[in-house]
Amino acid sequence: MDRYPKTIEDLVHSLSALPGIGRRTAERLAIALLDWDPAHLHHLGGLIATLVDRVRPCDACGNFAETALCRICTNANRDTNQLCIVETARQIPVIENCGRFFGLYHVLGGRLSPLDSVDVANLSITSLYDRVAALNISEVIISTSPDVEGEATATYLASELNERFDIVVTRIALGVPLGSDLTFADAATMGLAIDSRRKVH
Amino acid sequence: MGYIEDIALVDFRNYRDLHTSFAPGVNIVVGPNGQGKTSLLEAIYFASVLRSFRCRRLRNLVHWGQRRFLLRARIREVTTTRSLEVESGDTRRLILNGSRVAKASDFIGQVFCIAFVPEDIGLVKGSASNRRRYLDSTLSRLYPPYLLLLQDYQKALRSRNALLRRDAPDRAAVAAYDAVLTAAGVKLLALRRRFFHTLTDRLAVAGDLLFGDNAAVTLNVEYAFTSETGTDSWSSADWAAAYLSGFRDSADRDYRYRMTHVGPHRDDFQLLLRDRLLQLYGSEGQCRLAALALKMATGEVFLEAGKKQPVVFLVDDVTGELDPERRRVFFASLTRANQVFFAATDLTALPAEMAAAATHFIDNGTVRRGASGGESNE
């Protein structure tokens, strides 16, 4: 029992496949698009139609790119001594936003997830070793997520990198969020904060 | 202190639609066999732990022919009330104080229920998995981080076993999971050791009460790692080192049988009476008494933890074998809880110690509340 003409139904169906979009939101979006100026609609349609042709993984680091190399890899001002390892390209803007890291990135394309059959061979790990060897890297920062699989991946990478290269391997710190009231910290995060406490001089 | 003020059940076991209230202190649940006494206790327990003490399949809790059950309970405290709501069928919804809660770990432990049930004998005579379930469910409620650590540990364990089952296992990846297992495992061990440390003392006291003075009911805890020089003075770094060397020692076995042989998932404990293993040498009666002592000791640990949550004892059909003096001491120890639910087939068999605050008459899935029970004078 379709409530709309077939074209709108098809659009609603496609939109509701997007993350966070349910049937009702998809209907709202589709109806809103109907009111759009045709030029805007063509522009949006063009962007969507050419998305996969224009955007590709950076040949070097795996970040989103429109040319062979991404904007970070081609930026001459970046510090090429530091390399930050992330699971997915989506995490790069998060780290960029903190304004503290000016080195290069390396996207693994996932993490060691034996239960989902993701092994070392499925991740960009060989290219990581090639880059560390080729670039003049002095420090690798491992920024995988602090959960079971992220920690296992970090442990694996740390041990392999230390064995292969004479570099500093670091792991992002864990603990209570800045500016928050300790009263409301959850037990697991507080435990990590206690474990990774530091000496104050 | 707080208590469970009321409970509402829809399609839970033989309760099609129940709403009934309880009193603080001793609540006697009375009725003939098969009317729903145990199911009412089971519902109260479920609100606390999201498990049953009778079965592992939640499907069995749903009324025959229905798809889901609803359970609502209200906990009254000095100045506030807390509400718990569970809908369990194909999916599960947990609502705490009106807000949806995604994780079981955030829901359980609003009230500390300890069940004294005939199945407890499995803790003494049954397989190690019975004891590990008891351990995990008790510690999850006593120590908030325990359940999350356990879930991490189990995921890491399944991952490591999955790696071991590959045609050509990647040894470096297995070693990475060793480290993650160790990190979670050492923390689990620390909490388990803390628990057993207090439990041992309380068990000795409960054992003396039930078996007579100097009965010497003791625990023999088997951790995954031991040391000939003893582990009392070990730091967590020592435990971590022992753990990692345990992985090295069992590497051949692990790769041959494609599974993980060392770790807290293999911990076990036994109960002893005068240095003799009850599991091997105990009579049926002794094993039942020892199981009761273990539950009494667990109750003491909960009471002494001094948490703000009320401690509730659920007692079903475990006093039949006790002689009058032992019944007296057992009932006296029960009254230390904030609230007790005691299932009985008739009121005449109740001892004077069980001064009931309320009596609930169960009849084929309905509950009628009596004013106050037995000869009690409130």
# chains A, B, ... in the order shown; residues from 1 in each chain; ligands from 1
>>> residues_around(residues="Leu192 of chain A", least_positions_apart="2", cutoff="12 Å", atoms="only C-alpha atoms", output="list in words")
Pro146, Asp147, Ala173, Leu174, Gly175, Val176, Pro177, Ala185, Asp186, Ala187, Ala188, Thr189, Met190, Ile194, Asp195, Ser196, Arg197 and Arg198 of chain A; Pro145, Leu149, Ala183, Ala184 and Lys187 of chain B
>>> interface_residues(of="chain B", to="chain A", cutoff="7 Å", atoms="only C-alpha atoms", output="CSV table (one decimal) with N, CA, C and O atoms, in the first residue's frame")
chain,number,residue,atom,x,y,z
B,144,PRO,N,30.7,-2.8,40.4
B,144,PRO,CA,30.2,-2.3,39.1
B,144,PRO,C,31.1,-2.6,37.9
B,144,PRO,O,30.5,-2.9,36.8
B,145,PRO,N,32.4,-2.5,37.9
B,145,PRO,CA,33.1,-2.7,36.6
B,145,PRO,C,33.2,-4.2,36.2
B,145,PRO,O,33.6,-4.5,35.1
B,152,ASP,N,34.4,-7.9,28.1
B,152,ASP,CA,35.6,-7.7,27.3
B,152,ASP,C,36.4,-9.0,27.3
B,152,ASP,O,36.9,-9.4,26.2
B,156,ALA,N,37.4,-11.1,24.0
B,156,ALA,CA,38.9,-11.4,23.7
B,156,ALA,C,39.1,-12.9,23.6
B,156,ALA,O,39.9,-13.4,22.7
B,159,SER,N,37.7,-14.2,20.4
B,159,SER,CA,38.6,-13.8,19.3
B,159,SER,C,39.8,-14.7,19.2
B,159,SER,O,40.2,-15.1,18.1
B,162,ALA,N,39.0,-18.0,17.9
B,162,ALA,CA,38.8,-17.9,16.5
B,162,ALA,C,40.1,-17.9,15.7
B,162,ALA,O,40.2,-18.6,14.7
B,163,LEU,N,41.1,-17.2,16.2
B,163,LEU,CA,42.4,-17.1,15.6
B,163,LEU,C,43.0,-18.5,15.6
B,163,LEU,O,43.7,-18.9,14.6
B,172,ALA,N,51.5,-13.9,15.8
B,172,ALA,CA,51.6,-12.5,16.3
B,172,ALA,C,50.3,-12.0,16.7
B,172,ALA,O,50.1,-11.3,17.7
B,173,ALA,N,49.2,-12.3,15.9
B,173,ALA,CA,47.9,-11.8,16.3
B,173,ALA,C,47.4,-12.5,17.5
B,173,ALA,O,46.7,-11.9,18.4
B,176,ALA,N,48.8,-10.8,20.4
B,176,ALA,CA,48.2,-9.5,20.7
B,176,ALA,C,47.0,-9.7,21.6
B,176,ALA,O,46.7,-9.0,22.5
B,177,TYR,N,46.2,-10.8,21.3
B,177,TYR,CA,45.1,-11.1,22.1
B,177,TYR,C,45.5,-11.6,23.5
B,177,TYR,O,44.7,-11.4,24.4
B,180,VAL,N,45.6,-8.5,25.6
B,180,VAL,CA,44.3,-8.0,25.9
B,180,VAL,C,43.6,-8.9,27.0
B,180,VAL,O,43.0,-8.4,27.9
>>> closest_atom_pairs(of="segment 138-172 of chain B", to="segment 35-50 of chain B", cutoff="12 Å", atoms="only C-alpha atoms", output="tab-separated table")
residue	atom	partner	partner_atom	distance
B:Thr138	CA	B:Val49	CA	9.3
B:Leu139	CA	B:Val49	CA	11.4
B:Ser140	CA	B:Val49	CA	9.2
B:Arg141	CA	B:Val49	CA	8.1
B:Leu142	CA	B:Val49	CA	11.7
B:Leu147	CA	B:Val49	CA	11.7
>>> select_by_dssp(residues="segment 60-190 of chain A", states="strand (DSSP E or B)", output="ChimeraX atom specification")
/A:64-65,82-86,104-107,113,118,139-142,168-171
>>> write_last_selection(atoms="N, CA, C and O atoms", output="mmCIF file, in the first residue's frame")
data_model
loop_
_atom_site.group_PDB
_atom_site.id
_atom_site.type_symbol
_atom_site.label_atom_id
_atom_site.label_comp_id
_atom_site.auth_asym_id
_atom_site.auth_seq_id
_atom_site.Cartn_x
_atom_site.Cartn_y
_atom_site.Cartn_z
ATOM 1 N N PHE A 64 40.344 10.051 2.654
ATOM 2 C CA PHE A 64 39.540 10.439 1.493
ATOM 3 C C PHE A 64 40.358 11.394 0.625
ATOM 4 O O PHE A 64 40.992 12.322 1.131
ATOM 5 N N ALA A 65 40.333 11.182 -0.709
ATOM 6 C CA ALA A 65 41.106 12.046 -1.604
ATOM 7 C C ALA A 65 40.377 12.188 -2.930
ATOM 8 O O ALA A 65 39.544 11.354 -3.285
ATOM 9 N N GLN A 82 56.163 12.281 12.213
ATOM 10 C CA GLN A 82 55.146 11.626 13.033
ATOM 11 C C GLN A 82 54.055 11.006 12.168
ATOM 12 O O GLN A 82 53.601 11.626 11.207
ATOM 13 N N LEU A 83 53.657 9.808 12.551
ATOM 14 C CA LEU A 83 52.615 9.110 11.810
ATOM 15 C C LEU A 83 51.561 8.630 12.804
ATOM 16 O O LEU A 83 51.882 8.005 13.813
ATOM 17 N N CYS A 84 50.298 8.948 12.517
ATOM 18 C CA CYS A 84 49.212 8.567 13.419
ATOM 19 C C CYS A 84 48.359 7.487 12.752
ATOM 20 O O CYS A 84 47.836 7.698 11.662
ATOM 21 N N ILE A 85 48.214 6.336 13.413
ATOM 22 C CA ILE A 85 47.456 5.222 12.836
ATOM 23 C C ILE A 85 46.012 5.276 13.318
ATOM 24 O O ILE A 85 45.755 5.333 14.524
ATOM 25 N N VAL A 86 45.068 5.279 12.377
ATOM 26 C CA VAL A 86 43.640 5.257 12.730
ATOM 27 C C VAL A 86 42.970 4.071 12.035
ATOM 28 O O VAL A 86 43.518 3.506 11.089
ATOM 29 N N LEU A 104 51.513 12.977 9.746
ATOM 30 C CA LEU A 104 50.787 12.262 8.708
ATOM 31 C C LEU A 104 49.911 11.173 9.337
ATOM 32 O O LEU A 104 50.094 10.825 10.512
ATOM 33 N N TYR A 105 48.993 10.676 8.534
ATOM 34 C CA TYR A 105 48.095 9.616 9.012
ATOM 35 C C TYR A 105 48.328 8.325 8.260
ATOM 36 O O TYR A 105 48.909 8.312 7.171
ATOM 37 N N HIS A 106 47.818 7.233 8.858
ATOM 38 C CA HIS A 106 47.744 5.977 8.120
ATOM 39 C C HIS A 106 46.441 5.275 8.491
ATOM 40 O O HIS A 106 46.195 5.016 9.670
ATOM 41 N N VAL A 107 45.608 5.012 7.478
ATOM 42 C CA VAL A 107 44.307 4.379 7.722
ATOM 43 C C VAL A 107 44.437 2.865 7.543
ATOM 44 O O VAL A 107 44.868 2.390 6.492
ATOM 45 N N SER A 113 39.713 -8.245 13.789
ATOM 46 C CA SER A 113 38.444 -8.720 14.319
ATOM 47 C C SER A 113 38.253 -10.178 13.920
ATOM 48 O O SER A 113 37.527 -10.475 12.982
ATOM 49 N N VAL A 118 38.246 -10.627 10.060
ATOM 50 C CA VAL A 118 39.175 -9.596 9.601
ATOM 51 C C VAL A 118 40.540 -9.885 10.232
ATOM 52 O O VAL A 118 40.702 -9.809 11.440
ATOM 53 N N GLU A 139 58.263 8.776 15.161
ATOM 54 C CA GLU A 139 57.265 8.348 16.136
ATOM 55 C C GLU A 139 55.987 7.912 15.434
ATOM 56 O O GLU A 139 55.494 8.591 14.548
ATOM 57 N N VAL A 140 55.451 6.768 15.903
ATOM 58 C CA VAL A 140 54.147 6.318 15.426
ATOM 59 C C VAL A 140 53.180 6.368 16.594
ATOM 60 O O VAL A 140 53.459 5.843 17.672
ATOM 61 N N ILE A 141 52.047 7.068 16.399
ATOM 62 C CA ILE A 141 51.020 7.156 17.442
ATOM 63 C C ILE A 141 49.870 6.233 17.061
ATOM 64 O O ILE A 141 49.274 6.407 15.996
ATOM 65 N N ILE A 142 49.572 5.267 17.895
ATOM 66 C CA ILE A 142 48.501 4.318 17.569
ATOM 67 C C ILE A 142 47.192 4.814 18.172
ATOM 68 O O ILE A 142 47.049 4.902 19.392
ATOM 69 N N VAL A 168 59.966 5.456 18.040
ATOM 70 C CA VAL A 168 59.152 5.517 19.246
ATOM 71 C C VAL A 168 57.723 5.157 18.859
ATOM 72 O O VAL A 168 57.162 5.725 17.920
ATOM 73 N N VAL A 169 57.135 4.170 19.572
ATOM 74 C CA VAL A 169 55.739 3.807 19.327
ATOM 75 C C VAL A 169 54.924 4.223 20.539
ATOM 76 O O VAL A 169 55.255 3.859 21.666
ATOM 77 N N THR A 170 53.887 5.040 20.330
ATOM 78 C CA THR A 170 53.070 5.500 21.457
ATOM 79 C C THR A 170 51.599 5.140 21.225
ATOM 80 O O THR A 170 51.188 4.831 20.118
ATOM 81 N N ARG A 171 50.845 5.199 22.330
ATOM 82 C CA ARG A 171 49.417 4.877 22.282
ATOM 83 C C ARG A 171 48.692 6.076 22.886
ATOM 84 O O ARG A 171 49.147 6.611 23.906
#
>>> atom_distance(atom1="atom CA of Thr74 of chain A", atom2="atom CA of Leu135 of chain A")
13.7 Å
>>> atom_distance(atom1="atom CA of Arg166 of chain B", atom2="atom CA of Gly109 of chain A")
21.4 Å
>>> residues_around(residues="Asp59 of chain A", least_positions_apart="3", cutoff="7 Å", atoms="only C-alpha atoms", output="ChimeraX atom specification")
/A:62,68-69
>>> write_last_selection(atoms="all heavy atoms", output="mmCIF file, in the first residue's frame")
data_model
loop_
_atom_site.group_PDB
_atom_site.id
_atom_site.type_symbol
_atom_site.label_atom_id
_atom_site.label_comp_id
_atom_site.auth_asym_id
_atom_site.auth_seq_id
_atom_site.Cartn_x
_atom_site.Cartn_y
_atom_site.Cartn_z
ATOM 1 N N GLY A 62 45.388 6.403 2.728
ATOM 2 C CA GLY A 62 44.053 5.822 2.800
ATOM 3 C C GLY A 62 42.969 6.811 3.174
ATOM 4 O O GLY A 62 41.801 6.454 3.248
ATOM 5 N N ALA A 68 45.451 11.504 -6.515
ATOM 6 C CA ALA A 68 46.181 10.318 -6.055
ATOM 7 C C ALA A 68 46.508 10.430 -4.568
ATOM 8 O O ALA A 68 46.411 9.449 -3.827
ATOM 9 C CB ALA A 68 47.455 10.133 -6.870
ATOM 10 N N LEU A 69 46.884 11.648 -4.142
ATOM 11 C CA LEU A 69 47.223 11.855 -2.736
ATOM 12 C C LEU A 69 46.222 12.801 -2.090
ATOM 13 O O LEU A 69 45.675 13.682 -2.752
ATOM 14 C CB LEU A 69 48.640 12.437 -2.615
ATOM 15 C CG LEU A 69 49.773 11.511 -3.045
ATOM 16 C CD1 LEU A 69 51.110 12.240 -2.928
ATOM 17 C CD2 LEU A 69 49.802 10.236 -2.221
#
>>> atom_distance(atom1="atom CA of Asn122 of chain A", atom2="atom CA of Val174 of chain B")
15.9 Å
